[in-house]
$ cat entry-v7.pdb   # PDB, C-alpha atoms
ATOM      1  CA  MET A   7      84.726  17.319  -6.071
ATOM      2  CA  GLU A   8      83.355  19.687  -3.458
ATOM      3  CA  ARG A   9      84.359  22.645  -5.595
ATOM      4  CA  VAL A  10      82.391  21.310  -8.557
ATOM      5  CA  LYS A  11      79.388  20.677  -6.331
ATOM      6  CA  SER A  12      79.638  24.215  -4.960
ATOM      7  CA  ILE A  13      79.759  25.655  -8.476
ATOM      8  CA  LEU A  14      76.748  23.590  -9.527
ATOM      9  CA  GLN A  15      74.803  24.744  -6.475
ATOM     10  CA  ARG A  16      75.585  28.387  -7.193
ATOM     11  CA  ARG A  17      74.559  27.938 -10.824
ATOM     12  CA  LEU A  18      71.334  26.277  -9.685
ATOM     13  CA  GLU A  19      70.540  29.256  -7.454
ATOM     14  CA  VAL A  20      71.143  31.631 -10.369
ATOM     15  CA  VAL A  21      68.839  29.566 -12.581
ATOM     16  CA  LYS A  22      66.114  29.525  -9.920
ATOM     17  CA  LYS A  23      66.336  33.309  -9.473
ATOM     18  CA  ARG A  24      66.212  33.865 -13.234
ATOM     19  CA  LYS A  25      63.218  31.541 -13.472
ATOM     20  CA  GLU A  26      61.453  33.519 -10.747
ATOM     21  CA  LEU A  27      62.077  36.780 -12.599
ATOM     22  CA  LEU A  28      60.781  35.252 -15.836
ATOM     23  CA  VAL A  29      57.542  34.247 -14.123
ATOM     24  CA  LEU A  30      57.058  37.858 -13.058
ATOM     25  CA  GLU A  31      57.882  39.117 -16.555
ATOM     26  CA  GLU A  32      55.458  36.611 -18.066
ATOM     27  CA  ALA A  33      52.685  37.794 -15.734
ATOM     28  CA  ARG A  34      53.360  41.413 -16.702
ATOM     29  CA  LEU A  35      53.225  40.568 -20.411
ATOM     30  CA  ILE A  36      50.013  38.590 -19.982
ATOM     31  CA  ARG A  37      48.408  41.586 -18.276
ATOM     32  CA  MET A  38      49.569  43.802 -21.134
ATOM     33  CA  ALA A  39      48.186  41.339 -23.689
ATOM     34  CA  LYS A  40      44.804  41.482 -21.972
ATOM     35  CA  GLN A  41      44.896  45.264 -22.417
ATOM     36  CA  ARG A  42      45.229  44.683 -26.168
ATOM     37  CA  LYS A  43      48.905  45.590 -26.272
ATOM     38  CA  ASP A  44      51.137  44.036 -28.922
ATOM     39  CA  VAL A  45      53.365  41.813 -26.787
ATOM     40  CA  ALA A  46      52.878  38.407 -28.405
ATOM     41  CA  ILE A  47      56.481  38.140 -29.635
ATOM     42  CA  GLN A  48      57.935  39.132 -26.256
ATOM     43  CA  LEU A  49      55.623  36.706 -24.474
ATOM     44  CA  ALA A  50      56.683  33.861 -26.766
ATOM     45  CA  LYS A  51      60.357  34.610 -26.074
ATOM     46  CA  VAL A  52      59.781  34.644 -22.311
ATOM     47  CA  LYS A  53      57.917  31.342 -22.417
ATOM     48  CA  LYS A  54      60.668  29.763 -24.544
ATOM     49  CA  GLU A  55      63.368  30.957 -22.149
ATOM     50  CA  LYS A  56      61.347  29.718 -19.177
ATOM     51  CA  VAL A  57      61.221  26.212 -20.672
ATOM     52  CA  ALA A  58      64.961  26.290 -21.391
ATOM     53  CA  LEU A  59      65.657  27.269 -17.786
ATOM     54  CA  ALA A  60      63.458  24.441 -16.529
ATOM     55  CA  PHE A  61      65.551  21.980 -18.551
ATOM     56  CA  GLU A  62      68.781  23.498 -17.255
ATOM     57  CA  GLU A  63      67.493  23.346 -13.685
ATOM     58  CA  ALA A  64      66.614  19.669 -14.103
ATOM     59  CA  LYS A  65      70.062  18.958 -15.542
ATOM     60  CA  LEU A  66      71.769  20.684 -12.616
ATOM     61  CA  LEU A  67      69.636  18.854 -10.076
ATOM     62  CA  ARG A  68      70.465  15.500 -11.669
ATOM     63  CA  ALA A  69      74.168  16.339 -11.651
ATOM     64  CA  LEU A  70      74.051  17.334  -7.993
ATOM     65  CA  LYS A  71      72.183  14.183  -7.015
ATOM     66  CA  GLN A  72      74.625  11.967  -8.914
ATOM     67  CA  GLY A  73      77.590  13.731  -7.433
ATOM     68  CA  THR A  74      79.270  14.099 -10.808
ATOM     69  CA  PRO A  75      79.305  17.121 -13.119
ATOM     70  CA  SER A  76      77.326  16.938 -16.332
ATOM     71  CA  PRO A  77      78.982  17.924 -19.628
TER      72      PRO A  77
END
$ encode --input "entry-v7.pdb" --output "structure tokens"
Amino acid sequence: MERVKSILQRRLEVVKKRKELLVLEEARLIRMAKQRKDVAIQLAKVKKEKVALAFEEAKLLRALKQGTPSP
């Protein structure tokens, strides 16, 4: 059980780091969009991935709190 918890914690840290990097990427794309650059498609992809990571983070946190792995 401890091994599963350890794996979930490591995965959660990876998700948090990825989320942090996506926030920075989103800020960069927003600045580019304000300069009239064509980045709308990239920005939409980043926002979509950011939402997916938020859901994954929530799932991992629930699994860690329950003490059982989620499917």
$ residues_around --input "entry-v7.pdb" --residues "region 48-57 of chain A" --least-positions-apart "5" --cutoff "7 Å" --atoms "only C-alpha atoms" --output "CSV table (one decimal) with C-alpha atoms, keeping the file's coordinate frame"
chain,number,residue,atom,x,y,z
A,25,LYS,CA,63.2,31.5,-13.5
A,28,LEU,CA,60.8,35.3,-15.8
A,32,GLU,CA,55.5,36.6,-18.1
A,35,LEU,CA,53.2,40.6,-20.4
$ atom_distance --input "entry-v7.pdb" --atom1 "CA of Lys11 (chain A)" --atom2 "CA of Glu62 (chain A)"
15.5 Å
$ atom_distance --input "entry-v7.pdb" --atom1 "CA of Val10 (chain A)" --atom2 "CA of Arg68 (chain A)"
13.6 Å
$ closest_residue --input "entry-v7.pdb" --among "A:Ala58, A:Val45, A:Leu67, A:Met7" --to "Arg24 (chain A)" --atoms "only C-alpha atoms"
A:Ala58
$ atom_distance --input "entry-v7.pdb" --atom1 "CA of Glu63 (chain A)" --atom2 "CA of Val21 (chain A)"
6.5 Å
$ axis_aligned_box --input "entry-v7.pdb" --around "region 22-34 of chain A" --padding-each-side "8 Å" --output "AutoDock Vina command-line options"
--center_x 59.5 --center_y 35.5 --center_z -13.8 --size_x 29.7 --size_y 27.9 --size_z 24.6
$ residues_near_point --input "entry-v7.pdb" --point "(69.3, 20.0, -13.1)" --cutoff "12 Å" --atoms "all atoms listed in the file" --output "ChimeraX atom specification"
/A:14-15,17-19,21-22,58-77
$ build_atoms --input "entry-v7.pdb" --residues "region 37-68 of chain A" --atoms "N, CA and C atoms" --output "compact mmCIF listing (two decimals), in the frame of the given file"
# COMPACT_ATOMS: atom_id res chain seq x y z
N ARG A 37 49.29 40.46 -18.60
CA ARG A 37 48.41 41.59 -18.28
C ARG A 37 48.36 42.60 -19.42
N MET A 38 49.52 42.86 -20.02
CA MET A 38 49.57 43.80 -21.13
C MET A 38 48.79 43.25 -22.33
N ALA A 39 48.90 41.95 -22.57
CA ALA A 39 48.19 41.34 -23.69
C ALA A 39 46.67 41.46 -23.50
N LYS A 40 46.23 41.34 -22.25
CA LYS A 40 44.80 41.48 -21.97
C LYS A 40 44.32 42.91 -22.20
N GLN A 41 45.23 43.86 -22.16
CA GLN A 41 44.90 45.26 -22.42
C GLN A 41 45.03 45.59 -23.91
N ARG A 42 45.14 44.55 -24.71
CA ARG A 42 45.23 44.68 -26.17
C ARG A 42 46.54 45.31 -26.63
N LYS A 43 47.58 45.11 -25.86
CA LYS A 43 48.90 45.59 -26.27
C LYS A 43 49.54 44.54 -27.18
N ASP A 44 50.47 44.95 -28.00
CA ASP A 44 51.14 44.04 -28.92
C ASP A 44 52.40 43.48 -28.26
N VAL A 45 52.24 42.40 -27.52
CA VAL A 45 53.36 41.81 -26.79
C VAL A 45 53.53 40.32 -27.08
N ALA A 46 52.88 39.85 -28.11
CA ALA A 46 52.88 38.41 -28.40
C ALA A 46 54.29 37.88 -28.63
N ILE A 47 55.12 38.60 -29.33
CA ILE A 47 56.48 38.14 -29.64
C ILE A 47 57.30 38.08 -28.35
N GLN A 48 57.21 39.12 -27.53
CA GLN A 48 57.94 39.13 -26.26
C GLN A 48 57.47 37.99 -25.36
N LEU A 49 56.18 37.76 -25.31
CA LEU A 49 55.62 36.71 -24.47
C LEU A 49 56.12 35.34 -24.94
N ALA A 50 56.19 35.13 -26.23
CA ALA A 50 56.68 33.86 -26.77
C ALA A 50 58.15 33.65 -26.39
N LYS A 51 58.94 34.71 -26.45
CA LYS A 51 60.36 34.61 -26.07
C LYS A 51 60.51 34.27 -24.59
N VAL A 52 59.71 34.90 -23.75
CA VAL A 52 59.78 34.64 -22.31
C VAL A 52 59.40 33.20 -22.01
N LYS A 53 58.35 32.72 -22.65
CA LYS A 53 57.92 31.34 -22.42
C LYS A 53 58.99 30.35 -22.88
N LYS A 54 59.62 30.64 -24.02
CA LYS A 54 60.67 29.76 -24.54
C LYS A 54 61.87 29.73 -23.59
N GLU A 55 62.25 30.88 -23.08
CA GLU A 55 63.37 30.96 -22.15
C GLU A 55 63.04 30.25 -20.83
N LYS A 56 61.78 30.37 -20.41
CA LYS A 56 61.35 29.72 -19.18
C LYS A 56 61.46 28.19 -19.30
N VAL A 57 61.10 27.66 -20.43
CA VAL A 57 61.22 26.21 -20.67
C VAL A 57 62.69 25.80 -20.69
N ALA A 58 63.53 26.60 -21.34
CA ALA A 58 64.96 26.29 -21.39
C ALA A 58 65.57 26.28 -19.99
N LEU A 59 65.15 27.23 -19.16
CA LEU A 59 65.66 27.27 -17.79
C LEU A 59 65.17 26.08 -16.97
N ALA A 60 63.97 25.62 -17.24
CA ALA A 60 63.46 24.44 -16.53
C ALA A 60 64.31 23.22 -16.87
N PHE A 61 64.68 23.09 -18.14
CA PHE A 61 65.55 21.98 -18.55
C PHE A 61 66.93 22.09 -17.91
N GLU A 62 67.47 23.30 -17.87
CA GLU A 62 68.78 23.50 -17.26
C GLU A 62 68.72 23.20 -15.76
N GLU A 63 67.65 23.62 -15.11
CA GLU A 63 67.49 23.35 -13.68
C GLU A 63 67.44 21.83 -13.43
N ALA A 64 66.71 21.13 -14.26
CA ALA A 64 66.61 19.67 -14.10
C ALA A 64 67.98 19.02 -14.30
N LYS A 65 68.73 19.50 -15.28
CA LYS A 65 70.06 18.96 -15.54
C LYS A 65 70.99 19.19 -14.35
N LEU A 66 70.93 20.37 -13.77
CA LEU A 66 71.77 20.68 -12.62
C LEU A 66 71.38 19.84 -11.40
N LEU A 67 70.08 19.67 -11.20
CA LEU A 67 69.64 18.85 -10.08
C LEU A 67 70.09 17.41 -10.23
N ARG A 68 69.99 16.87 -11.43
CA ARG A 68 70.46 15.50 -11.67
C ARG A 68 71.96 15.39 -11.40
